[in-house]
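Have a look at the structure below before the remarks.
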Amino acid sequence: AFGGSYGGMLAAWFRYKYPASVVGAIAASAPILQIPGIMQPGGFWGTITDDYRAANPVAPEAIYNSWQAMLSLGQSADGRAFIGKQLRLCSVPQSLDDVWDVIEWLVSALGFSAMADYPYPADFLGPMPAWPVAVQAAYFKSASAPPAELLAAMADGVAGVFYNYTGQAGPCYNLSQLDPPGLQGDLWDAQCCHEIVQPIGQYGLPNDFLWYAPFNMSDFIVGCQQQFNGTTPRPFWIRQQYGGLDLRGASNIVFTNGELDPWKTGGVTSNVTGAPSIIAYVIAGGAHHLDLRFSDPADPPSVIEARLIQLAAIKSWINAYYEQRGDALRF
């Protein structure tokens with residue numbers, strides 16, 4: 001079984017639950033441990049912030065200060081008009097709630113850019129250049145820059161790189177479509193509200209460049225009930241079904257995680273005691289399931305090594321299967 005991201009979670013669980021159906025699983029960027037009671041909810045945005053900090057040390061504080069500047073400007077009509085002009089929005093925010101929508105739109109760009117921080121141009125979540133995080137971070141020159149400069153960096157760097165790298169957004173940004181291509185709608189929200197509860201919070205600097213909004217399970221459940229007609233999440237269903245940290249009953253799974261990928265905080269990043277055929281490998285300089293993408297001349301050595309590990313594991317699993325049957329080995 002093969003999968004990346006949620007597909008990687010399914011691949012790992014499929015092998016775990018039905019070992020007679022598949023001889024092994026390749027689970028790339030599969031955050032099977034990003035569940036209540038196991039992983040700290042600050043890791044996701046903490047990793048994203050670390051990515052931007054590594055690209056430009058002043059970027060996290062500058063990004064954090066950008067939110068403060070926008071919220072201050074958002075208190076007045078003139079300030080909201082200034083936000084609309086600086087960010088080149090098609091519609092001027094009419095209220096502070098509208099300003100929050102703009103902020104969330106920019107936050108999405110930062111998060112998705114970190115996930116797709118590949119060493120070559122790609123269009124996984126929309127067209128972006130090689131190393132988009134570094135390209136965006138370079139626009140922030142000073143953490144103490146005035147609001148006009150901070151918003152210009154947001155417009156040209158963050159929004160420009162993620163939403164308009166090839167000019168696809170046109171002369172202005174229409175916020176009616178907040179999600180990148182392929183991620184429109186609320187299907188993933190529905191899945192999280194049913195059975196995949198993933199605690200993700202934000203805690204402000206120095207952990208992350210967002211405002212303080214810790215994960216709260218009670219609030220999450222109420223939000224799901226309001227959004228999906230009374231649907232109540234099962235926070236511990238995954239842990240009950242698949243064991244959480246206890247993977248001793250699993251076998252023949254290769255877990256790979258990108259060093260730059262925010263989902264690595266919920267991934268299996270070290271080998272499991274008592275389960276020698278569970279292999280964990282962290283891809284230095286890798287983003288979200290880089291190893292499952294087509295090979296590229298810009299691939300770092302670490303992803304080439306990851307693919308060789310996967311190939312060797314697949315060969316050994318298949319040979320063991322046929323050897324057990326008394327058949328000729330395939331490799």
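Naming works like this for the structure tokens: A, B, ... for the chains as they're shown, residue 1 at the start of each chain, ligands 1 onward in shown order.
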Looking only at the backbone, which of the residues in region 185-234 of chain A does DSSP tag as helix (DSSP H, G or I), as a PyMOL selection string?
chain A and resi 187-194+217-227
Can I get the selection written as a compact mmCIF listing (two decimals), in the first residue's frame, with N, CA, C and O atoms?
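Dumped to again.txt:
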```txt
# COMPACT_ATOMS: atom_id res chain seq x y z
N LEU A 187 -14.65 19.48 3.00
CA LEU A 187 -14.63 18.03 3.16
C LEU A 187 -13.63 17.60 4.23
O LEU A 187 -13.91 16.68 5.00
N TRP A 188 -12.47 18.23 4.25
CA TRP A 188 -11.48 17.84 5.27
C TRP A 188 -11.97 18.23 6.66
O TRP A 188 -11.75 17.50 7.64
N ASP A 189 -12.63 19.38 6.77
CA ASP A 189 -13.20 19.77 8.06
C ASP A 189 -14.19 18.71 8.53
O ASP A 189 -14.23 18.35 9.72
N ALA A 190 -15.00 18.21 7.59
CA ALA A 190 -15.97 17.18 7.95
C ALA A 190 -15.28 15.92 8.44
O ALA A 190 -15.71 15.29 9.42
N GLN A 191 -14.19 15.54 7.77
CA GLN A 191 -13.46 14.35 8.18
C GLN A 191 -12.88 14.53 9.58
O GLN A 191 -12.94 13.62 10.42
N CYS A 192 -12.31 15.70 9.84
CA CYS A 192 -11.74 15.97 11.16
C CYS A 192 -12.82 15.97 12.24
O CYS A 192 -12.58 15.54 13.37
N CYS A 193 -14.00 16.45 11.88
CA CYS A 193 -15.07 16.50 12.86
C CYS A 193 -15.72 15.14 13.09
O CYS A 193 -16.49 14.98 14.04
N HIS A 194 -15.43 14.18 12.25
CA HIS A 194 -15.96 12.84 12.45
C HIS A 194 -14.99 11.94 13.22
O HIS A 194 -15.32 11.38 14.25
N MET A 217 -10.21 21.50 23.15
CA MET A 217 -11.05 20.41 22.66
C MET A 217 -12.53 20.75 22.77
O MET A 217 -13.31 20.44 21.86
N SER A 218 -12.94 21.38 23.86
CA SER A 218 -14.35 21.71 24.03
C SER A 218 -14.82 22.66 22.93
O SER A 218 -15.90 22.48 22.34
N ASP A 219 -13.99 23.67 22.64
CA ASP A 219 -14.35 24.61 21.57
C ASP A 219 -14.38 23.91 20.22
O ASP A 219 -15.24 24.20 19.37
N PHE A 220 -13.45 22.99 20.01
CA PHE A 220 -13.42 22.26 18.75
C PHE A 220 -14.70 21.45 18.56
O PHE A 220 -15.30 21.45 17.48
N ILE A 221 -15.13 20.77 19.60
CA ILE A 221 -16.34 19.95 19.51
C ILE A 221 -17.56 20.83 19.24
O ILE A 221 -18.39 20.50 18.37
N VAL A 222 -17.67 21.95 19.94
CA VAL A 222 -18.79 22.85 19.71
C VAL A 222 -18.77 23.38 18.28
O VAL A 222 -19.82 23.46 17.61
N GLY A 223 -17.59 23.72 17.77
CA GLY A 223 -17.48 24.21 16.40
C GLY A 223 -17.94 23.18 15.39
O GLY A 223 -18.63 23.49 14.41
N CYS A 224 -17.58 21.91 15.61
CA CYS A 224 -18.01 20.83 14.72
C CYS A 224 -19.53 20.67 14.77
O CYS A 224 -20.19 20.49 13.73
N GLN A 225 -20.08 20.73 15.94
CA GLN A 225 -21.52 20.57 16.09
C GLN A 225 -22.28 21.70 15.39
O GLN A 225 -23.33 21.47 14.78
N GLN A 226 -21.72 22.90 15.44
CA GLN A 226 -22.36 24.03 14.79
C GLN A 226 -22.22 23.96 13.26
O GLN A 226 -23.15 24.28 12.52
N GLN A 227 -21.05 23.52 12.80
CA GLN A 227 -20.78 23.52 11.36
C GLN A 227 -21.45 22.36 10.65
O GLN A 227 -21.89 22.50 9.49
```
Set the distance at 7 Å and use only C-alpha atoms: which residues neighbour Ala1 (chain A) once local chain neighbours fewer than 4 positions away are removed? I'd like the list as a list in words.
Ala11, Val22, Gly24, Ala25 and Ile26 of chain A
Using only C-alpha atoms, find each residue of region 160-233 of chain A with at least one atom at most 12 Å away from an atom of region 134-146 of chain A; report its shortest atom-to-atom pair and that distance in Å (one decimal), sort the rows by chain and rising residue number, and return the result as a tab-separated table.
```
residue	atom	partner	partner_atom	distance
A:Gly160	CA	A:Gln136	CA	8.4
A:Val161	CA	A:Gln136	CA	6.6
A:Phe162	CA	A:Gln136	CA	8.8
A:Tyr163	CA	A:Gln136	CA	11.8
A:Tyr165	CA	A:Val135	CA	11.0
A:Phe209	CA	A:Ala143	CA	11.6
```
Could you save those same residues with all heavy atoms as a tab-separated table (two decimals), in the first residue's frame?
```
chain	number	residue	atom	x	y	z
A	160	GLY	N	1.87	37.11	-3.22
A	160	GLY	CA	2.36	37.06	-4.59
A	160	GLY	C	2.95	35.73	-4.97
A	160	GLY	O	2.72	35.22	-6.07
A	161	VAL	N	3.69	35.13	-4.06
A	161	VAL	CA	4.33	33.84	-4.34
A	161	VAL	C	3.32	32.71	-4.35
A	161	VAL	O	3.36	31.83	-5.21
A	161	VAL	CB	5.46	33.57	-3.34
A	161	VAL	CG1	5.96	32.13	-3.43
A	161	VAL	CG2	6.62	34.53	-3.57
A	162	PHE	N	2.39	32.72	-3.39
A	162	PHE	CA	1.46	31.59	-3.28
A	162	PHE	C	0.24	31.72	-4.18
A	162	PHE	O	-0.16	30.75	-4.83
A	162	PHE	CB	1.00	31.41	-1.83
A	162	PHE	CG	0.13	30.19	-1.64
A	162	PHE	CD1	0.70	28.92	-1.68
A	162	PHE	CD2	-1.23	30.30	-1.47
A	162	PHE	CE1	-0.09	27.78	-1.54
A	162	PHE	CE2	-2.03	29.16	-1.32
A	162	PHE	CZ	-1.46	27.90	-1.36
A	163	TYR	N	-0.35	32.90	-4.23
A	163	TYR	CA	-1.61	33.05	-4.96
A	163	TYR	C	-1.44	33.59	-6.38
A	163	TYR	O	-2.39	33.54	-7.16
A	163	TYR	CB	-2.55	33.99	-4.20
A	163	TYR	CG	-3.08	33.42	-2.90
A	163	TYR	CD1	-2.68	33.95	-1.67
A	163	TYR	CD2	-4.00	32.37	-2.88
A	163	TYR	CE1	-3.18	33.45	-0.47
A	163	TYR	CE2	-4.49	31.86	-1.68
A	163	TYR	CZ	-4.08	32.40	-0.49
A	163	TYR	OH	-4.57	31.91	0.69
A	165	TYR	N	1.86	33.55	-8.45
A	165	TYR	CA	3.22	33.38	-8.97
A	165	TYR	C	3.26	33.48	-10.49
A	165	TYR	O	4.20	34.03	-11.07
A	165	TYR	CB	3.78	32.03	-8.52
A	165	TYR	CG	5.15	31.72	-9.07
A	165	TYR	CD1	6.22	32.58	-8.85
A	165	TYR	CD2	5.38	30.55	-9.80
A	165	TYR	CE1	7.48	32.30	-9.36
A	165	TYR	CE2	6.63	30.26	-10.30
A	165	TYR	CZ	7.68	31.14	-10.09
A	165	TYR	OH	8.91	30.86	-10.60
A	209	PHE	N	4.62	32.42	14.72
A	209	PHE	CA	4.38	33.82	14.38
A	209	PHE	C	2.90	34.20	14.33
A	209	PHE	O	2.54	35.24	13.76
A	209	PHE	CB	5.07	34.19	13.06
A	209	PHE	CG	4.80	33.25	11.90
A	209	PHE	CD1	3.53	32.80	11.59
A	209	PHE	CD2	5.86	32.85	11.09
A	209	PHE	CE1	3.29	31.98	10.51
A	209	PHE	CE2	5.64	32.00	10.01
A	209	PHE	CZ	4.35	31.58	9.72
```
Counting only C-alpha atoms, which residues in region 103-164 of chain A sit no more than 10 Å from region 273-287 of chain A? For each one, give the nearest pair of atoms and the distance in Å, sorted by chain then residue number, as a tab-separated table.
```
residue	atom	partner	partner_atom	distance
A:Ser113	CA	A:Ala287	CA	9.6
A:Ala114	CA	A:Ala287	CA	7.2
A:Met115	CA	A:Ala287	CA	5.6
A:Ala116	CA	A:Ala287	CA	5.9
A:Asp117	CA	A:Ala287	CA	5.5
A:Tyr118	CA	A:Ala287	CA	6.2
A:Pro119	CA	A:Gly286	CA	8.3
A:Trp131	CA	A:Ala287	CA	9.8
```
Measuring atom to atom with only C-alpha atoms, identify which of A:Leu73, A:Ile35, A:Ile304, A:Leu89 is nearest to Pro171 (chain A).
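Closest candidate: A:Leu89.
Neighbouring residues of region 312-328 of chain A at 8 Å or closer, counting only C-alpha atoms and skipping chain neighbours under 6 positions away, are Val23, Gly24, Asn252 and Val254 of chain A.
Residue nearest Ile38 (chain A) within the list A:Leu245, A:Ala152, A:Ala12, A:Val197: A:Leu245 [criterion: smallest interatomic distance, only C-alpha atoms].
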To one decimal place in Å, what is the distance between CA of Tyr16 (chain A) and CA of His288 (chain A)?
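Computed distance, CA of Tyr16 (chain A) to CA of His288 (chain A), equals 22.6 Å.
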Which is closest to Lys85 (chain A) among A:Ala148, A:Ile253, A:Leu175, A:Leu205, if we use only C-alpha atoms?
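Between A:Ala148, A:Ile253, A:Leu175, A:Leu205, the residue approaching Lys85 (chain A) most closely is A:Ala148.
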Any idea what the distance is between CA of Ala54 (chain A) and CA of Phe255 (chain A)?
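Here the two named atoms are 24.9 Å from each other.
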Under the rule that only C-alpha atoms are counted, which of A:Ile48, A:Leu110, A:Leu292, A:Leu308 is the nearest residue to Phe2 (chain A)?
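Comparing A:Ile48, A:Leu110, A:Leu292, A:Leu308 against Phe2 (chain A), the winner is A:Leu292.
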Please indicate the distance in Å from CA of Ala213 (chain A) to CA of Gly201 (chain A), rounded to one decimal place.
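One can read the CA of Ala213 (chain A) to CA of Gly201 (chain A) distance as 6.2 Å.
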Based on the backbone DSSP call, show me all residues of region 70-285 of chain A assigned strand (DSSP E), as a ChimeraX atom specification.
/A:253-258,278-283
Smallest atom-to-atom distance to Tyr120 (chain A): which of A:Val92, A:Val133, A:Ala159, A:Ala28, using only C-alpha atoms?
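Using only C-alpha atoms, Tyr120 (chain A) sits closest to A:Val133.
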Can you list, as a PDB file with N, CA and C atoms, in the first residue's frame, every protein, DNA or RNA residue that comes within 9 Å of Gln198 (chain A) when you count only C-alpha atoms, leaving out same-chain residues fewer than 3 positions away?
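Printed below is result-v6.pdb as written:
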```
ATOM      1  N   LEU A  33       0.263  10.182  14.443  1.00  0.00           N
ATOM      2  CA  LEU A  33       0.364  10.479  15.869  1.00  0.00           C
ATOM      3  C   LEU A  33      -0.127  11.883  16.205  1.00  0.00           C
ATOM      4  N   GLN A  34      -0.638  12.617  15.220  1.00  0.00           N
ATOM      5  CA  GLN A  34      -1.169  13.957  15.460  1.00  0.00           C
ATOM      6  C   GLN A  34      -2.596  13.830  15.993  1.00  0.00           C
ATOM      7  N   ILE A  35      -2.690  13.248  17.172  1.00  0.00           N
ATOM      8  CA  ILE A  35      -3.989  12.956  17.766  1.00  0.00           C
ATOM      9  C   ILE A  35      -3.976  13.370  19.236  1.00  0.00           C
ATOM     10  N   PRO A  36      -5.149  13.564  19.824  1.00  0.00           N
ATOM     11  CA  PRO A  36      -5.212  14.034  21.217  1.00  0.00           C
ATOM     12  C   PRO A  36      -4.471  13.123  22.186  1.00  0.00           C
ATOM     13  N   PRO A  41       0.073  20.354  20.592  1.00  0.00           N
ATOM     14  CA  PRO A  41      -0.591  21.072  19.504  1.00  0.00           C
ATOM     15  C   PRO A  41       0.186  22.258  18.956  1.00  0.00           C
ATOM     16  N   CYS A 192     -12.307  15.698   9.840  1.00  0.00           N
ATOM     17  CA  CYS A 192     -11.736  15.968  11.163  1.00  0.00           C
ATOM     18  C   CYS A 192     -12.819  15.972  12.241  1.00  0.00           C
ATOM     19  N   PRO A 235     -12.740  12.031  19.629  1.00  0.00           N
ATOM     20  CA  PRO A 235     -11.330  12.418  19.741  1.00  0.00           C
ATOM     21  C   PRO A 235     -10.360  11.258  19.882  1.00  0.00           C
ATOM     22  N   GLY A 266       3.516  15.118  13.807  1.00  0.00           N
ATOM     23  CA  GLY A 266       2.620  14.017  14.117  1.00  0.00           C
ATOM     24  C   GLY A 266       3.017  12.731  13.438  1.00  0.00           C
TER      25      GLY A 266
END
```
Counting only C-alpha atoms, the option among A:Trp67, A:Tyr173, A:Trp105, A:Tyr6 closest to His289 (chain A)
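Nearest candidate to His289 (chain A) out of A:Trp67, A:Tyr173, A:Trp105, A:Tyr6: A:Tyr6.
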